[in-house]
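Have a look at my_file-v2.cif below; it lists mmCIF, C-alpha atoms.
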data_query
loop_
_atom_site.label_atom_id
_atom_site.label_comp_id
_atom_site.auth_asym_id
_atom_site.auth_seq_id
_atom_site.Cartn_x
_atom_site.Cartn_y
_atom_site.Cartn_z
CA MET N 1 -28.72 17.86 -30.41
CA ASN N 2 -25.91 18.46 -32.85
CA ARG N 3 -22.94 16.23 -33.38
CA ARG N 4 -20.56 18.33 -31.27
CA ASP N 5 -22.85 18.30 -28.23
CA PHE N 6 -23.50 14.58 -28.62
CA LEU N 7 -19.79 13.74 -28.72
CA SER N 8 -19.06 16.05 -25.82
CA THR N 9 -21.77 14.43 -23.68
CA ALA N 10 -20.72 10.93 -24.73
CA ILE N 11 -17.09 11.58 -23.81
CA LYS N 12 -18.05 13.05 -20.44
CA ALA N 13 -20.31 10.07 -19.72
CA PHE N 14 -17.57 7.64 -20.73
CA PHE N 15 -14.98 9.16 -18.43
CA THR N 16 -17.44 9.50 -15.54
CA LEU N 17 -18.31 5.81 -15.92
CA LEU N 18 -14.62 4.90 -16.15
CA GLY N 19 -13.93 6.86 -12.96
CA ILE N 20 -16.79 5.16 -11.11
CA ILE N 21 -15.71 1.67 -12.24
CA THR N 22 -12.10 2.37 -11.24
CA GLY N 23 -13.25 3.65 -7.86
CA VAL N 24 -15.40 0.56 -7.23
CA ILE N 25 -12.57 -1.78 -8.25
CA ALA N 26 -10.10 0.10 -6.02
CA LEU N 27 -12.51 -0.16 -3.09
CA LEU N 28 -13.16 -3.88 -3.62
CA PHE N 29 -9.41 -4.47 -3.92
CA SER N 30 -8.41 -2.58 -0.79
CA TYR N 31 -11.16 -3.98 1.45
CA PRO N 32 -9.76 -7.01 3.32
CA SER N 33 -10.93 -10.24 1.73
CA ARG N 34 -10.72 -12.28 4.92
CA ILE N 35 -11.78 -10.85 8.25
CA ARG N 36 -10.98 -13.29 11.04
CA ARG N 37 -13.15 -12.65 14.04
CA PRO N 38 -11.45 -13.44 17.34
CA VAL N 39 -12.64 -16.68 18.95
CA ILE N 40 -12.33 -17.47 22.62
CA GLU N 41 -9.97 -20.28 23.47
CA TYR N 42 -9.41 -21.69 26.97
CA PHE N 43 -5.94 -22.07 28.50
CA PRO N 44 -5.13 -23.82 31.80
CA VAL N 45 -3.70 -21.39 34.34
CA MET N 46 -3.69 -23.12 37.75
CA ASP N 47 -4.84 -26.21 39.63
CA GLU N 48 -8.31 -26.15 41.07
CA ASP N 49 -7.06 -26.51 44.66
CA GLU N 50 -4.74 -23.52 44.19
CA MET N 51 -7.73 -21.22 43.71
CA PRO N 52 -8.36 -18.81 46.60
CA ARG N 53 -10.97 -19.73 49.24
CA ARG N 54 -11.47 -16.06 49.94
CA GLY N 55 -9.98 -12.92 48.39
CA VAL N 56 -7.87 -12.26 45.33
CA ARG N 57 -5.09 -14.26 43.79
CA THR N 58 -2.93 -12.93 40.94
CA VAL N 59 -1.99 -15.50 38.33
CA THR N 60 0.58 -15.18 35.55
CA PHE N 61 0.18 -17.62 32.69
CA ARG N 62 1.37 -18.32 29.16
CA TYR N 63 -0.79 -18.91 26.15
CA THR N 64 -0.25 -19.15 22.40
CA ILE N 65 -1.82 -17.14 19.59
CA GLN N 66 -0.88 -18.26 16.08
CA LYS N 67 2.25 -20.05 17.36
CA LYS N 68 3.36 -16.97 19.31
CA VAL N 69 3.80 -17.53 23.05
CA LEU N 70 2.44 -14.65 25.11
CA THR N 71 2.43 -14.02 28.84
CA SER N 72 -0.59 -12.55 30.55
CA ARG N 73 -1.94 -11.88 34.02
CA ALA N 74 -5.36 -12.22 35.60
CA PHE N 75 -7.01 -11.98 39.01
CA VAL N 76 -8.87 -15.00 40.31
CA VAL N 77 -11.34 -13.75 42.91
CA ASN N 78 -13.48 -15.58 45.44
CA HIS N 79 -15.76 -13.00 47.01
CA LYS N 80 -18.80 -13.77 49.16
CA GLY N 81 -18.95 -17.25 47.75
CA SER N 82 -18.88 -16.31 44.05
CA VAL N 83 -15.85 -17.00 41.88
CA TYR N 84 -14.86 -14.86 38.94
CA VAL N 85 -11.79 -13.86 36.93
CA LEU N 86 -10.91 -10.20 36.30
CA SER N 87 -8.69 -8.85 33.57
CA PRO N 88 -5.89 -6.62 34.89
CA VAL N 89 -6.25 -4.19 31.96
CA CYS N 90 -7.44 -0.80 33.18
CA THR N 91 -10.47 0.34 31.20
CA HIS N 92 -9.13 3.89 31.07
CA LEU N 93 -6.03 3.62 28.88
CA GLY N 94 -4.96 0.00 29.19
CA CYS N 95 -2.35 -0.01 31.97
CA LEU N 96 -2.17 -3.09 34.19
CA VAL N 97 -3.76 -2.64 37.61
CA ASN N 98 -2.47 -4.19 40.85
CA TRP N 99 -4.35 -5.66 43.81
CA HIS N 100 -3.78 -3.72 47.03
CA ARG N 101 -4.76 -5.99 49.89
CA LYS N 102 -4.79 -3.39 52.68
CA LYS N 103 -7.01 -1.00 50.81
CA ASN N 104 -9.04 -3.89 49.38
CA GLN N 105 -8.89 -2.23 45.96
CA PHE N 106 -7.38 -2.66 42.50
CA LEU N 107 -5.14 0.36 41.86
CA CYS N 108 -3.98 1.59 38.49
CA PRO N 109 -0.43 3.04 38.62
CA CYS N 110 -0.91 5.33 35.62
CA HIS N 111 -3.75 7.73 36.40
CA GLY N 112 -4.97 6.62 39.82
CA GLY N 113 -7.99 4.57 38.78
CA LYS N 114 -9.44 2.56 41.69
CA TYR N 115 -11.70 -0.48 41.50
CA ASP N 116 -13.29 -2.47 44.32
CA ILE N 117 -12.95 -6.24 44.69
CA GLU N 118 -15.79 -6.82 42.22
CA GLY N 119 -14.06 -4.62 39.63
CA ARG N 120 -16.46 -1.69 39.92
CA VAL N 121 -14.96 1.79 39.55
CA VAL N 122 -14.52 3.51 42.94
CA ASP N 123 -12.47 6.53 41.93
CA GLY N 124 -10.45 8.00 39.08
CA PRO N 125 -10.89 8.22 35.30
CA PRO N 126 -11.86 4.64 34.26
CA PRO N 127 -15.16 4.68 32.36
CA LYS N 128 -16.09 1.02 32.87
CA PRO N 129 -15.56 -1.71 35.48
CA LEU N 130 -12.75 -4.23 34.97
CA THR N 131 -13.56 -6.84 32.34
CA ARG N 132 -14.63 -10.25 33.61
CA LEU N 133 -12.87 -13.02 31.70
CA PRO N 134 -14.70 -16.22 30.83
CA PHE N 135 -13.40 -19.27 32.70
CA ARG N 136 -14.23 -22.88 33.41
CA ILE N 137 -12.96 -25.65 35.61
CA SER N 138 -12.20 -28.97 34.01
CA ASP N 139 -9.74 -31.82 34.68
CA GLY N 140 -9.00 -30.26 38.06
CA LYS N 141 -7.64 -27.11 36.47
CA LEU N 142 -8.88 -23.57 36.08
CA HIS N 143 -9.04 -22.52 32.40
CA ILE N 144 -9.26 -18.88 31.35
CA GLY N 145 -10.72 -17.87 27.98
CA MET N 146 -8.64 -15.52 25.83
CA LYS N 147 -9.48 -14.00 22.45
CA VAL N 148 -7.24 -15.54 19.81
CA MET T 1 -20.96 19.00 -11.18
CA GLY T 2 -20.34 21.75 -13.72
CA LYS T 3 -21.39 24.41 -11.21
CA VAL T 4 -19.09 23.04 -8.51
CA PHE T 5 -16.22 22.96 -10.96
CA ASP T 6 -16.96 26.53 -12.10
CA TRP T 7 -16.96 27.69 -8.46
CA ILE T 8 -13.53 26.14 -7.95
CA ASP T 9 -12.25 27.40 -11.29
CA SER T 10 -13.33 31.00 -10.64
CA ARG T 11 -10.67 30.92 -7.91
CA PHE T 12 -8.24 28.49 -9.49
CA GLY T 13 -8.32 29.77 -13.10
CA ILE T 14 -7.18 26.59 -14.82
CA LYS T 15 -10.05 26.03 -17.25
CA ALA T 16 -9.48 28.80 -19.79
CA PRO T 17 -5.80 28.17 -20.62
CA HIS T 18 -6.41 24.41 -20.88
CA LYS T 19 -9.49 24.89 -22.99
CA ARG T 20 -7.36 26.97 -25.33
CA PHE T 21 -4.86 24.12 -25.54
CA LEU T 22 -7.20 21.13 -25.63
CA GLN T 23 -9.64 22.67 -28.13
CA ARG T 24 -7.11 24.21 -30.49
CA PRO T 25 -7.48 23.28 -34.16
CA LEU T 26 -5.07 20.55 -35.28
CA PRO T 27 -3.44 20.28 -38.69
CA GLU T 28 -5.47 18.16 -41.10
CA ARG T 29 -2.69 15.67 -41.82
CA ILE T 30 -2.82 14.40 -38.20
CA ASN T 31 -3.54 10.65 -38.09
CA TYR T 32 -3.67 7.86 -35.51
CA LEU T 33 0.12 7.53 -35.44
CA TYR T 34 0.13 10.78 -33.47
CA CYS T 35 -1.78 8.97 -30.68
CA LEU T 36 1.14 6.70 -29.75
CA GLY T 37 2.56 9.17 -27.21
CA GLY T 38 -0.89 9.70 -25.71
CA VAL T 39 -1.41 5.93 -25.47
CA SER T 40 1.91 5.66 -23.62
CA PHE T 41 0.76 8.37 -21.20
CA VAL T 42 -2.54 6.56 -20.54
CA LEU T 43 -0.59 3.36 -19.86
CA PHE T 44 1.62 5.32 -17.45
CA LEU T 45 -1.52 6.50 -15.61
CA CYS T 46 -2.78 2.89 -15.45
CA LEU T 47 0.58 1.89 -13.96
CA LEU T 48 0.38 4.65 -11.36
CA VAL T 49 -3.12 3.66 -10.23
CA SER T 50 -2.59 -0.12 -10.26
CA GLY T 51 0.84 0.28 -8.65
CA ALA T 52 -0.58 2.45 -5.87
CA LEU T 53 -3.17 -0.26 -5.23
CA LEU T 54 -0.60 -3.07 -5.24
CA SER T 55 1.52 -1.20 -2.69
CA ILE T 56 -1.31 -1.72 -0.18
CA TYR T 57 -0.53 -5.44 -0.01
CA TYR T 58 3.07 -5.80 -1.19
CA VAL T 59 5.69 -6.30 1.55
CA PRO T 60 9.24 -5.33 0.47
CA SER T 61 11.13 -7.76 2.68
CA GLN T 62 13.18 -10.77 1.71
CA ASP T 63 11.13 -13.06 3.93
CA GLU T 64 7.68 -11.92 2.91
CA ALA T 65 7.90 -10.41 -0.60
CA PHE T 66 7.18 -13.62 -2.51
CA GLN T 67 4.39 -14.68 -0.15
CA SER T 68 2.76 -11.26 -0.39
CA VAL T 69 2.75 -11.45 -4.19
CA VAL T 70 1.19 -14.94 -4.02
CA ARG T 71 -1.41 -13.55 -1.62
CA ILE T 72 -2.20 -10.65 -3.97
CA THR T 73 -2.74 -13.08 -6.86
CA ARG T 74 -4.72 -15.72 -4.97
CA GLU T 75 -6.47 -14.19 -1.99
CA VAL T 76 -6.98 -10.46 -2.45
CA ARG T 77 -10.26 -9.64 -4.16
CA LEU T 78 -9.49 -8.74 -7.81
CA GLY T 79 -5.80 -8.92 -6.89
CA TRP T 80 -5.02 -11.02 -9.99
CA PHE T 81 -6.75 -8.36 -12.10
CA ILE T 82 -4.85 -5.38 -10.64
CA ARG T 83 -1.57 -7.25 -10.89
CA GLY T 84 -2.41 -8.20 -14.49
CA ILE T 85 -3.16 -4.56 -15.33
CA HIS T 86 0.20 -3.55 -13.86
CA LYS T 87 2.09 -6.25 -15.71
CA TRP T 88 0.48 -5.73 -19.11
CA SER T 89 0.55 -1.93 -18.89
CA ALA T 90 4.27 -2.17 -18.12
CA ASN T 91 4.92 -4.37 -21.14
CA LEU T 92 2.77 -2.27 -23.45
CA LEU T 93 4.29 0.97 -22.15
CA ILE T 94 7.70 -0.05 -23.49
CA VAL T 95 6.17 -1.14 -26.81
CA PHE T 96 4.24 2.09 -27.25
CA ILE T 97 7.12 4.34 -26.23
CA LEU T 98 9.26 2.59 -28.83
CA LEU T 99 6.54 2.94 -31.50
CA HIS T 100 6.19 6.62 -30.56
CA THR T 101 9.97 7.02 -30.88
CA LEU T 102 9.86 5.34 -34.27
CA ARG T 103 7.11 7.70 -35.43
CA VAL T 104 9.16 10.70 -34.28
CA ILE T 105 12.22 9.38 -36.12
CA LEU T 106 10.31 8.69 -39.33
CA HIS T 107 8.68 12.12 -39.28
CA ARG T 108 12.05 13.67 -38.39
CA ALA T 109 10.27 15.49 -35.59
CA TYR T 110 13.50 15.61 -33.56
CA ARG T 111 14.92 18.47 -35.64
CA PRO T 112 15.19 22.05 -34.31
CA PRO T 113 13.45 23.54 -32.41
CA ARG T 114 12.50 20.17 -30.89
CA GLU T 115 15.96 18.77 -30.01
CA LEU T 116 15.44 19.26 -26.26
CA ASN T 117 12.07 17.54 -26.39
CA TRP T 118 13.75 14.59 -28.13
CA ILE T 119 16.34 14.45 -25.34
CA VAL T 120 13.64 14.58 -22.66
CA GLY T 121 11.78 11.83 -24.52
CA VAL T 122 14.85 9.59 -24.57
CA CYS T 123 15.18 10.20 -20.83
CA THR T 124 11.59 9.02 -20.28
CA LEU T 125 12.44 5.87 -22.23
CA VAL T 126 15.46 5.27 -19.98
CA VAL T 127 13.34 5.85 -16.86
CA ALA T 128 10.71 3.45 -18.22
CA PHE T 129 13.39 0.78 -18.76
CA ALA T 130 14.73 1.39 -15.26
CA SER T 131 11.22 1.05 -13.82
CA GLY T 132 10.76 -2.21 -15.70
CA PHE T 133 14.11 -3.53 -14.48
CA THR T 134 13.56 -2.60 -10.82
CA GLY T 135 9.96 -3.83 -10.91
CA TYR T 136 11.08 -7.19 -12.27
CA LEU T 137 12.91 -7.98 -9.01
CA LEU T 138 9.97 -7.25 -6.74
CA PRO T 139 8.12 -10.64 -7.03
CA TRP T 140 11.33 -12.06 -5.49
CA ASP T 141 11.16 -15.43 -7.24
CA GLN T 142 13.91 -17.32 -9.11
CA LYS T 143 13.32 -15.48 -12.38
CA ALA T 144 13.44 -12.11 -10.65
CA TYR T 145 16.58 -13.02 -8.74
CA TRP T 146 18.56 -14.27 -11.73
CA ALA T 147 17.41 -11.50 -14.06
CA THR T 148 18.71 -8.98 -11.54
CA GLU T 149 21.88 -11.02 -11.01
CA VAL T 150 22.59 -10.87 -14.77
CA GLY T 151 21.44 -7.28 -15.23
CA THR T 152 23.48 -5.83 -12.39
CA SER T 153 26.52 -7.94 -13.36
CA MET T 154 26.55 -6.08 -16.67
CA ALA T 155 27.13 -2.84 -14.77
CA GLY T 156 30.01 -4.62 -13.05
CA THR T 157 31.87 -5.07 -16.35
CA ILE T 158 32.43 -1.33 -16.83
CA PRO T 159 36.22 -0.75 -16.60
CA TYR T 160 37.58 0.71 -13.34
CA VAL T 161 34.29 1.98 -11.84
CA GLY T 162 32.13 -1.10 -12.59
CA ARG T 163 32.62 -2.74 -9.24
CA TYR T 164 31.55 0.36 -7.34
CA ILE T 165 28.47 0.83 -9.51
CA LEU T 166 27.64 -2.81 -8.84
CA TYR T 167 27.88 -2.29 -5.07
CA LEU T 168 25.76 0.86 -5.37
CA LEU T 169 23.05 -0.97 -7.32
CA ARG T 170 22.99 -4.07 -5.12
CA GLY T 171 23.70 -2.42 -1.80
CA GLY T 172 26.58 -4.89 -1.36
CA PRO T 173 28.46 -7.53 -3.34
CA ASP T 174 25.44 -9.88 -3.60
CA ILE T 175 21.73 -9.62 -4.24
CA THR T 176 20.12 -9.63 -0.81
CA GLY T 177 17.17 -8.14 1.01
CA SER T 178 18.85 -4.74 0.86
CA THR T 179 18.84 -4.94 -2.96
CA LEU T 180 15.12 -5.65 -2.82
CA VAL T 181 14.39 -2.63 -0.61
CA ARG T 182 16.65 -0.45 -2.80
CA PHE T 183 14.83 -1.49 -5.97
CA TYR T 184 11.47 -1.09 -4.25
CA SER T 185 12.32 2.49 -3.26
CA LEU T 186 13.51 3.30 -6.78
CA HIS T 187 10.48 1.63 -8.32
CA ILE T 188 7.79 3.34 -6.27
CA ILE T 189 9.30 6.73 -5.36
CA TRP T 190 12.34 7.92 -7.29
CA LEU T 191 11.53 6.74 -10.80
CA PRO T 192 7.83 7.74 -10.83
CA LEU T 193 8.73 11.21 -9.50
CA THR T 194 11.43 11.60 -12.15
CA MET T 195 9.01 10.35 -14.79
CA GLY T 196 6.40 12.90 -13.67
CA ALA T 197 8.89 15.77 -13.98
CA LEU T 198 10.10 14.57 -17.40
CA LEU T 199 6.56 14.15 -18.72
CA TRP T 200 5.62 17.62 -17.52
CA ALA T 201 8.61 19.01 -19.48
CA HIS T 202 7.73 16.85 -22.50
CA PHE T 203 4.11 18.03 -22.65
CA HIS T 204 5.04 21.61 -21.89
CA MET T 205 7.32 21.69 -24.94
CA VAL T 206 4.70 20.03 -27.14
CA LYS T 207 2.30 22.77 -26.06
CA ARG T 208 4.82 25.55 -26.74
CA GLN T 209 6.25 24.25 -30.01
CA GLY T 210 3.13 22.74 -31.54
CA ILE T 211 2.98 19.54 -33.55
CA SER T 212 5.78 19.13 -36.05
CA GLY T 213 5.29 19.61 -39.78
CA GLY T 214 6.18 16.00 -40.49
CA LEU T 215 7.97 14.80 -43.57
#

Please go through the file and, once you have read it, give me the structure as structure tokens.
Amino acid sequence: MNRRDFLSTAIKAFFTLLGIITGVIALLFSYPSRIRRPVIEYFPVMDEDEMPRRGVRTVTFRYTIQKKVLTSRAFVVNHKGSVYVLSPVCTHLGCLVNWHRKKNQFLCPCHGGKYDIEGRVVDGPPPKPLTRLPFRISDGKLHIGMKV
Amino acid sequence: MGKVFDWIDSRFGIKAPHKRFLQRPLPERINYLYCLGGVSFVLFLCLLVSGALLSIYYVPSQDEAFQSVVRITREVRLGWFIRGIHKWSANLLIVFILLHTLRVILHRAYRPPRELNWIVGVCTLVVAFASGFTGYLLPWDQKAYWATEVGTSMAGTIPYVGRYILYLLRGGPDITGSTLVRFYSLHIIWLPLTMGALLWAHFHMVKRQGISGGL
């Protein structure tokens, strides 16, 4: 190898290395240093004796995420003796569904998604049943778990 | 790598003319003083890259600017390093442009046919100063605020038109959030674009006219 080839190779290697180091640094820099995973926190929404004996009850409640007060809705259901809480967010594109008592179904106003009382898809485009929200009863109140 | 580049270049045709330029024989009297302009250009590239990275985290708003700079320095991985690169490249850029200017003066390289290149070079110096001045406000701390207060007040002392230039620079009679956004826009869009155009002209003329005969 003569001097010219050696220098040429050395310069190419130097700049390739420089490019790689710069790329790695840029990637490390732009990747978020803190990724906060959402944790579930419980908020009181209604008294225990307000919960339905049978059927669906819509509840509107307030909760706080990072000092911001937000309003949300949920369905508290008592069906065949089992109690559960359904999220009103349609699994299709995220509209809020409504409970239709005569039809005994949750109806989505946007694209006609229909769910039965257990949240299973009956008709329309939704790909998944309605999400069941975690809940617990303590101090005589129903608490619903939200991701914060 | 070479094969991929050759495939692109057979359609793009950029290798041959640049090879002719980059591998041309240089006069023997060339010494390291002729590197000062090149050093300035490398510093400019460092500023572009580090600045582009900083813009990922910087928030140009009067409520969040300072906090975002603190976050870059303390929390972002290698944030202190990227910010340091940007700061020191900016300082050194001014130093090296001035040294380059001094070299050109001493070698009387501004004489015909290079007068236009001298003018373009002075413009790059002005744009570099303007970038430094606008960038100084962006951390949005006391030093930044008062430096801009003093600097823009100077424009206000120009007879007759000073007041209007002052309003134009500050976006109002006082330094507020709109001044910050104004300076941010200048700093990251207008001045770098102008600098790019000026440098293209500068290098184009160096290529056409060759390196000056010196003293």

Residue by residue, what does the PyMOL selection byres ((chain N and resi 93-110) around 9) grab here? Present the result as a list in words.
Gly55, Val56, Arg57, Thr58, Arg73, Phe75, Ser87, Pro88, Val89, Cys90, Thr91, His92, His111, Gly112, Gly113, Lys114, Tyr115, Asp116, Ile117, Gly119, Val122 and Pro126 of chain N

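The smallest atom-to-atom distance between Val85 of chain N and any of N:Phe135, N:Val39, N:Gly124, N:Leu70, using only C-alpha atoms, is found for N:Phe135.
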
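Here the PyMOL selection byres ((chain T) within 12 of (chain N)) catches exactly these residues: Met1, Gly2, Gln23, Cys46, Val49, Ser50, Gly51, Ala52, Leu53, Leu54, Ser55, Ile56, Tyr57, Tyr58, Arg71, Ile72, Thr73, Arg74, Glu75, Val76, Arg77, Leu78, Gly79, Trp80, Phe81, Ile82 and Arg83 of chain T.
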
Please produce a file of the residues just selected, as a PDB file, in the frame of the given file, where the atoms kept are C-alpha atoms.
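Saved to selection.pdb:
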ATOM      1  CA  MET T   1     -20.960  19.000 -11.180  1.00  0.00           C
ATOM      2  CA  GLY T   2     -20.340  21.750 -13.720  1.00  0.00           C
ATOM      3  CA  GLN T  23      -9.640  22.670 -28.130  1.00  0.00           C
ATOM      4  CA  CYS T  46      -2.780   2.890 -15.450  1.00  0.00           C
ATOM      5  CA  VAL T  49      -3.120   3.660 -10.230  1.00  0.00           C
ATOM      6  CA  SER T  50      -2.590  -0.120 -10.260  1.00  0.00           C
ATOM      7  CA  GLY T  51       0.840   0.280  -8.650  1.00  0.00           C
ATOM      8  CA  ALA T  52      -0.580   2.450  -5.870  1.00  0.00           C
ATOM      9  CA  LEU T  53      -3.170  -0.260  -5.230  1.00  0.00           C
ATOM     10  CA  LEU T  54      -0.600  -3.070  -5.240  1.00  0.00           C
ATOM     11  CA  SER T  55       1.520  -1.200  -2.690  1.00  0.00           C
ATOM     12  CA  ILE T  56      -1.310  -1.720  -0.180  1.00  0.00           C
ATOM     13  CA  TYR T  57      -0.530  -5.440  -0.010  1.00  0.00           C
ATOM     14  CA  TYR T  58       3.070  -5.800  -1.190  1.00  0.00           C
ATOM     15  CA  ARG T  71      -1.410 -13.550  -1.620  1.00  0.00           C
ATOM     16  CA  ILE T  72      -2.200 -10.650  -3.970  1.00  0.00           C
ATOM     17  CA  THR T  73      -2.740 -13.080  -6.860  1.00  0.00           C
ATOM     18  CA  ARG T  74      -4.720 -15.720  -4.970  1.00  0.00           C
ATOM     19  CA  GLU T  75      -6.470 -14.190  -1.990  1.00  0.00           C
ATOM     20  CA  VAL T  76      -6.980 -10.460  -2.450  1.00  0.00           C
ATOM     21  CA  ARG T  77     -10.260  -9.640  -4.160  1.00  0.00           C
ATOM     22  CA  LEU T  78      -9.490  -8.740  -7.810  1.00  0.00           C
ATOM     23  CA  GLY T  79      -5.800  -8.920  -6.890  1.00  0.00           C
ATOM     24  CA  TRP T  80      -5.020 -11.020  -9.990  1.00  0.00           C
ATOM     25  CA  PHE T  81      -6.750  -8.360 -12.100  1.00  0.00           C
ATOM     26  CA  ILE T  82      -4.850  -5.380 -10.640  1.00  0.00           C
ATOM     27  CA  ARG T  83      -1.570  -7.250 -10.890  1.00  0.00           C
TER      28      ARG T  83
END

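Residue membership of the PyMOL selection byres ((chain N and resi 138) around 12) in the shown file amounts to Tyr42, Phe43, Pro44, Val45, Met46, Asp47, Glu48, Phe135, Arg136, Ile137, Asp139, Gly140, Lys141, Leu142, His143 and Ile144 of chain N.
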
Include C-alpha atoms and write out the residues we just selected as a CSV table (one decimal), in the coordinates of the input.
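Final output, saved to selection_2.csv:
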chain,number,residue,atom,x,y,z
N,42,TYR,CA,-9.4,-21.7,27.0
N,43,PHE,CA,-5.9,-22.1,28.5
N,44,PRO,CA,-5.1,-23.8,31.8
N,45,VAL,CA,-3.7,-21.4,34.3
N,46,MET,CA,-3.7,-23.1,37.8
N,47,ASP,CA,-4.8,-26.2,39.6
N,48,GLU,CA,-8.3,-26.2,41.1
N,135,PHE,CA,-13.4,-19.3,32.7
N,136,ARG,CA,-14.2,-22.9,33.4
N,137,ILE,CA,-13.0,-25.6,35.6
N,139,ASP,CA,-9.7,-31.8,34.7
N,140,GLY,CA,-9.0,-30.3,38.1
N,141,LYS,CA,-7.6,-27.1,36.5
N,142,LEU,CA,-8.9,-23.6,36.1
N,143,HIS,CA,-9.0,-22.5,32.4
N,144,ILE,CA,-9.3,-18.9,31.4

Cut-off 12 Å around (8.1, 7.8, -30.9) with all atoms listed in the file: residues as a PDB file with C-alpha atoms, in the frame of the given file:
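Below is the file part_9.pdb, written as the result:
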ATOM      1  CA  LEU T  33       0.120   7.530 -35.440  1.00  0.00           C
ATOM      2  CA  TYR T  34       0.130  10.780 -33.470  1.00  0.00           C
ATOM      3  CA  CYS T  35      -1.780   8.970 -30.680  1.00  0.00           C
ATOM      4  CA  LEU T  36       1.140   6.700 -29.750  1.00  0.00           C
ATOM      5  CA  GLY T  37       2.560   9.170 -27.210  1.00  0.00           C
ATOM      6  CA  GLY T  38      -0.890   9.700 -25.710  1.00  0.00           C
ATOM      7  CA  VAL T  39      -1.410   5.930 -25.470  1.00  0.00           C
ATOM      8  CA  SER T  40       1.910   5.660 -23.620  1.00  0.00           C
ATOM      9  CA  LEU T  93       4.290   0.970 -22.150  1.00  0.00           C
ATOM     10  CA  ILE T  94       7.700  -0.050 -23.490  1.00  0.00           C
ATOM     11  CA  VAL T  95       6.170  -1.140 -26.810  1.00  0.00           C
ATOM     12  CA  PHE T  96       4.240   2.090 -27.250  1.00  0.00           C
ATOM     13  CA  ILE T  97       7.120   4.340 -26.230  1.00  0.00           C
ATOM     14  CA  LEU T  98       9.260   2.590 -28.830  1.00  0.00           C
ATOM     15  CA  LEU T  99       6.540   2.940 -31.500  1.00  0.00           C
ATOM     16  CA  HIS T 100       6.190   6.620 -30.560  1.00  0.00           C
ATOM     17  CA  THR T 101       9.970   7.020 -30.880  1.00  0.00           C
ATOM     18  CA  LEU T 102       9.860   5.340 -34.270  1.00  0.00           C
ATOM     19  CA  ARG T 103       7.110   7.700 -35.430  1.00  0.00           C
ATOM     20  CA  VAL T 104       9.160  10.700 -34.280  1.00  0.00           C
ATOM     21  CA  ILE T 105      12.220   9.380 -36.120  1.00  0.00           C
ATOM     22  CA  LEU T 106      10.310   8.690 -39.330  1.00  0.00           C
ATOM     23  CA  HIS T 107       8.680  12.120 -39.280  1.00  0.00           C
ATOM     24  CA  ARG T 108      12.050  13.670 -38.390  1.00  0.00           C
ATOM     25  CA  ALA T 109      10.270  15.490 -35.590  1.00  0.00           C
ATOM     26  CA  TYR T 110      13.500  15.610 -33.560  1.00  0.00           C
ATOM     27  CA  ASN T 117      12.070  17.540 -26.390  1.00  0.00           C
ATOM     28  CA  TRP T 118      13.750  14.590 -28.130  1.00  0.00           C
ATOM     29  CA  ILE T 119      16.340  14.450 -25.340  1.00  0.00           C
ATOM     30  CA  GLY T 121      11.780  11.830 -24.520  1.00  0.00           C
ATOM     31  CA  VAL T 122      14.850   9.590 -24.570  1.00  0.00           C
ATOM     32  CA  THR T 124      11.590   9.020 -20.280  1.00  0.00           C
ATOM     33  CA  LEU T 125      12.440   5.870 -22.230  1.00  0.00           C
TER      34      LEU T 125
END

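The shell of residues at most 12 Å from Gly156 of chain T, with only C-alpha atoms counted and near chain neighbours (fewer than 3 positions) removed, consists of Glu149, Val150, Gly151, Thr152, Ser153, Pro159, Tyr160, Val161, Gly162, Arg163, Tyr164, Ile165, Leu166, Tyr167, Leu168, Leu169, Arg170, Pro173 and Asp174 of chain T.
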
Mind checking which residues fall within 12 Å of Leu48 of chain T, counting only C-alpha atoms, ignoring those fewer than 6 positions away in the same chain, and posting them as a ChimeraX atom specification?
/T:41-42,54-55,82,85-87,89-90,131,187-189,191-193,195-196

Serialized selection, C-alpha atoms, as a compact mmCIF listing (two decimals), in the coordinates of the input:
# COMPACT_ATOMS: atom_id res chain seq x y z
CA PHE T 41 0.76 8.37 -21.20
CA VAL T 42 -2.54 6.56 -20.54
CA LEU T 54 -0.60 -3.07 -5.24
CA SER T 55 1.52 -1.20 -2.69
CA ILE T 82 -4.85 -5.38 -10.64
CA ILE T 85 -3.16 -4.56 -15.33
CA HIS T 86 0.20 -3.55 -13.86
CA LYS T 87 2.09 -6.25 -15.71
CA SER T 89 0.55 -1.93 -18.89
CA ALA T 90 4.27 -2.17 -18.12
CA SER T 131 11.22 1.05 -13.82
CA HIS T 187 10.48 1.63 -8.32
CA ILE T 188 7.79 3.34 -6.27
CA ILE T 189 9.30 6.73 -5.36
CA LEU T 191 11.53 6.74 -10.80
CA PRO T 192 7.83 7.74 -10.83
CA LEU T 193 8.73 11.21 -9.50
CA MET T 195 9.01 10.35 -14.79
CA GLY T 196 6.40 12.90 -13.67

Residue nearest Leu186 of chain T - candidates T:Gln67, T:Gln142, T:Thr134, T:Gln62, atoms counted: all atoms listed in the file
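Smallest separation from Leu186 of chain T among the options: T:Thr134.
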
Using all atoms listed in the file, which of T:Ile14, T:Ala65, T:Val4, T:Leu26 sits nearest Pro139 of chain T?
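Residue with the minimum atom-to-atom distance to Pro139 of chain T: T:Ala65.
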
Could you name the residues that touch His204 of chain T at 12 Å or less, counting only C-alpha atoms, but leaving out those on the same chain fewer than 3 positions away, as number ranges by chain?
T: 18, 21, 114, 116-117, 120, 197-201, 207-210

How far is it from atom CA of Ser61 of chain T to atom CA of Ser178 of chain T, in Å with one decimal?
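Between atom CA of Ser61 of chain T and atom CA of Ser178 of chain T the gap works out to 8.5 Å.
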
State, in Å with one decimal place, the distance from atom CA of Leu43 of chain T to atom CA of Leu92 of chain T.
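Result for atom CA of Leu43 of chain T versus atom CA of Leu92 of chain T: 7.5 Å, one decimal.
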